[in-house]
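Chemist: My questions will all concern the structure given below.
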Amino acid sequence: MAKVKTVFRCSVCGGTSPRWVGRCPSCAEWNSLVEELGSPSGDREHAATTMAVPIGEVDLQAWHSVPTGVPEVDRVLGGGLVPGSVTLVGGEPGVGKSTLLLQVAAAMTRAERRVLYVSAEESVQQVRLRAERLDTITPTLWLAAETAVPAVVAQVAAVSPDCLIIDSLHTLHHPDSASAPGSVTQVRECAAALVREAKARALATILVGHVTKDGALAGPRVVEHLVDTVLSFEGERHHALRALRVVKHRFGPTDRLGMFEMTGAGLGAVPDPSRLFLADRRAGVPGSVVVPMLDGHRPLLVEIQALVGPDGQAPAPRRAAQGVDRGRLSTVVAVLEQRVGAPLGRADVYASAIGGVRVCEPGADLAVALAIMSSLAGEPVPSEVVVCGEIGLGGELRQVNQCQRRLAEAARLGFTAAIVPRHAPDPPPGLHALRATTVGEAIALAGIPLP
């Protein structure tokens, strides 16, 4: 009888160790090794599963993207799902992953394609109730509640679907592994088996994955290497806006962004998110500035608001940020103190990106600075002005990437002036550039009195 070895596998990188140690020898992560049973030792013979062919004779006819029927999903995937591809979708609990995939499944079935939806977390009755609420009940959408990979493969053989959706990967188990569902071994083995099945049948497969408290996909990183595409479905629980981003994509670019709005009837596409972000904006309010940011390949206009509280007696004033990087907020406040002379040393400063969007790029530095100075002076920035630029520690303004695409989005929504760094490219027709070399010059161009 073959001897079964016990190994300790890292839940982060998938590396192994013959004994438990506090730190993974492969990736240096602490307390990440989990005990598991290894495969029986012994020599095995392996035969080739396919014959090698010259690269010029590889048939590409069947490997083209097929639209899912959901425009925002097709935008992110670069046209749709490729037969035989495996897509991993991750997101926080309750963000709407199951809702999105049920709508994708219904849209595909309306295009006369058969979809098998395997729910490993809910019963078929629960999925049916959600489908009734979303109006996604179609005759070629098949449901199954299975938790074992061989049972899923049997369902695929019986239904012969064009697309397989697994919700979720971390609740499946493979009987060949003695580990518990959700463990490193089980997640890896289940993912590998489903990938093999997808490639063998040219079956487009979508897997739902759990995430950790840090927002990263749970399980070993080897799962991300196994699949063809990794999507991240993001959104704040208290906001209706949802964003679908590409983390990895073997069939297209990774700079696409899909926007959705959660409604009572499910997820609705947001074809013009900039107009949605600015719909409730009040003109003439101090501390409000609009910045044209770039999220992946998509330009967005976002309102940045700031509020400066009175000088307090607390030894450490507050620097609160919502949707804005807190580190960059502290840097901008320090630059305004040292290079402009703004009395912010003992004042509380609050900054927020409106609409539930996260603004973490350097191109929003100037918008945050002008919003702070506008609130401090009580003088509003003109409502027809957008601002865009990175602030250096010396108070200088620096260009940001793809400035022309940002300004074109501002011009499309009716803005007439833009405060930009001096060497920024010329704006599109209808938009006047107000150029500045330092943050002090930009403050003056915005009509805000310097301290």
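Identifiers in this document derive from the order of the structure tokens: chains are assigned A, B, ..., residues are numbered from 1 separately in each chain, and ligands are numbered from 1 in order of occurrence.
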For region 56-62 of chain A, please output as a list of chain:residue names all residues within 10 Å (counting only C-alpha atoms; exclusion window: fewer than 4 positions along the same chain).

Modeler: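 Neighbouring residues, sequence-local ones excluded: A:Ala52, A:Val82, A:Pro83, A:Gly84, A:Ala202.
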
Chemist: Write down as number ranges by chain the residues of region 239-378 of chain A whose backbone DSSP state falls under strand (DSSP E or B).

Modeler: A: 241-249, 257-263, 266-269, 288-295, 298-311, 319-322, 324, 347-353, 359

Chemist: Got a sec: who's within 10 Å of Val400 (chain A), counting only C-alpha atoms, leaving out chain neighbours fewer than 3 positions off, as a list of chain:residue names?

Modeler: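 The contact residues come out as A:Met293, A:Leu294, A:Glu361, A:Pro362, A:Gly363, A:Ala364, A:Cys388, A:Gly389, A:Glu390, A:Leu397, A:Cys403, A:Gln404, A:Arg406, A:Val420, A:Pro421, A:Ala424.
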
Chemist: Could you write out that same residue set with C-alpha atoms as a short mmCIF file (atom, residue, chain, number, x, y, z; two decimals), in the first residue's frame?

Modeler:
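again_12.cif, freshly written:
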data_model
loop_
_atom_site.label_atom_id
_atom_site.label_comp_id
_atom_site.auth_asym_id
_atom_site.auth_seq_id
_atom_site.Cartn_x
_atom_site.Cartn_y
_atom_site.Cartn_z
CA MET A 293 -10.37 60.85 -12.72
CA LEU A 294 -9.44 57.76 -14.70
CA GLU A 361 -4.93 58.24 -7.82
CA PRO A 362 -2.47 61.20 -7.63
CA GLY A 363 -4.49 63.15 -10.21
CA ALA A 364 -7.00 64.08 -7.46
CA CYS A 388 -6.71 67.94 -12.37
CA GLY A 389 -3.10 67.57 -11.26
CA GLU A 390 -0.65 65.87 -8.94
CA LEU A 397 1.98 70.74 -9.99
CA CYS A 403 -5.09 64.13 -19.35
CA GLN A 404 -6.79 64.68 -22.73
CA ARG A 406 -10.12 63.28 -18.73
CA VAL A 420 -4.26 72.00 -14.96
CA PRO A 421 -0.44 71.91 -14.68
CA ALA A 424 -0.54 69.68 -19.63
#

Chemist: Env of Val86 (chain A): 10 Å cut, atoms = only C-alpha atoms, seq-sep filter 4 positions within chain, self excluded. Answer as a list in words.

Modeler: Leu81, Val82, Leu164, Ile165, Ala191, Leu194, Val195, Arg196, Ala198, Lys199, Leu203, Ala204, Thr205, Ile206, Leu207, Leu226, Val227, Asp228, Thr229 and Val230 of chain A

Chemist: Do you have the CA of Ser183 (chain A)-CA of Val7 (chain A) distance handy?

Modeler: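 Separating CA of Ser183 (chain A) from CA of Val7 (chain A) is a distance of 13.7 Å.
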
Chemist: Among region 310-414 of chain A, which residues carry a DSSP assignment of helix (DSSP H, G or I), reported as number ranges by chain?

Modeler: A: 326-340, 362-377, 403-412

Chemist: Please compute the CA of Arg242 (chain A)-CA of Phe260 (chain A) distance, one decimal, in Å.

Modeler: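 Between CA of Arg242 (chain A) and CA of Phe260 (chain A) the gap is 4.9 Å.
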
Chemist: Write out as a PyMOL selection string the residues lying within 9 Å of region 150-152 of chain A, counting only C-alpha atoms and excluding same-chain residues fewer than 5 positions away.

Modeler: chain A and resi 118+144-145+157+166+174-175+194

Chemist: Can you pull out every residue within 8 Å of region 90-92 of chain A, counting only C-alpha atoms, but drop anything in the same chain fewer than 4 positions away, and send it as a VMD selection string?

Modeler: chain A and resid 97 208 to 211 215 217 230 to 234

Chemist: Quick check, in Å to one decimal: how far apart do CA of Val247 (chain A) and CA of Glu224 (chain A) lie?

Modeler: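 Rounded to one decimal, the two atoms are 9.6 Å apart.
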
Chemist: Could you tell me which of A:Pro427, A:Pro161, A:Pro253, A:Pro71 comes closest to Val115 (chain A) if we count only C-alpha atoms?

Modeler: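 Going through A:Pro427, A:Pro161, A:Pro253, A:Pro71 one by one, the smallest distance to Val115 (chain A) is for A:Pro161.
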
Chemist: I want to know what sits within 9 Å of Thr438 (chain A), based on only C-alpha atoms, with residues of the same chain fewer than 3 positions away left out; could you give that as a PyMOL selection string?

Modeler: chain A and resi 391+394-398+421-422+441-443

Chemist: Counting only C-alpha atoms, figure out which residue out of A:His297, A:Gly392, A:Ser65, A:Ala120 gets nearest to Asp255 (chain A).

Modeler: A:His297

Chemist: Could you check which of A:Thr185, A:Val156, A:His249, A:Arg282 is closest to Leu143 (chain A), using only C-alpha atoms?

Modeler: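 Closest residue, counting only C-alpha atoms: A:Val156.
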
Chemist: Calculated over only C-alpha atoms, which of the candidates A:Leu276, A:Val76, A:Ile448, A:Val289 has the smallest distance to Gly252 (chain A)?

Modeler: A:Val76

Chemist: Which is closer to Ala342 (chain A) than all the others in A:Gly69, A:Gly440, A:Gly79, A:Pro18, using only C-alpha atoms?

Modeler: A:Gly440
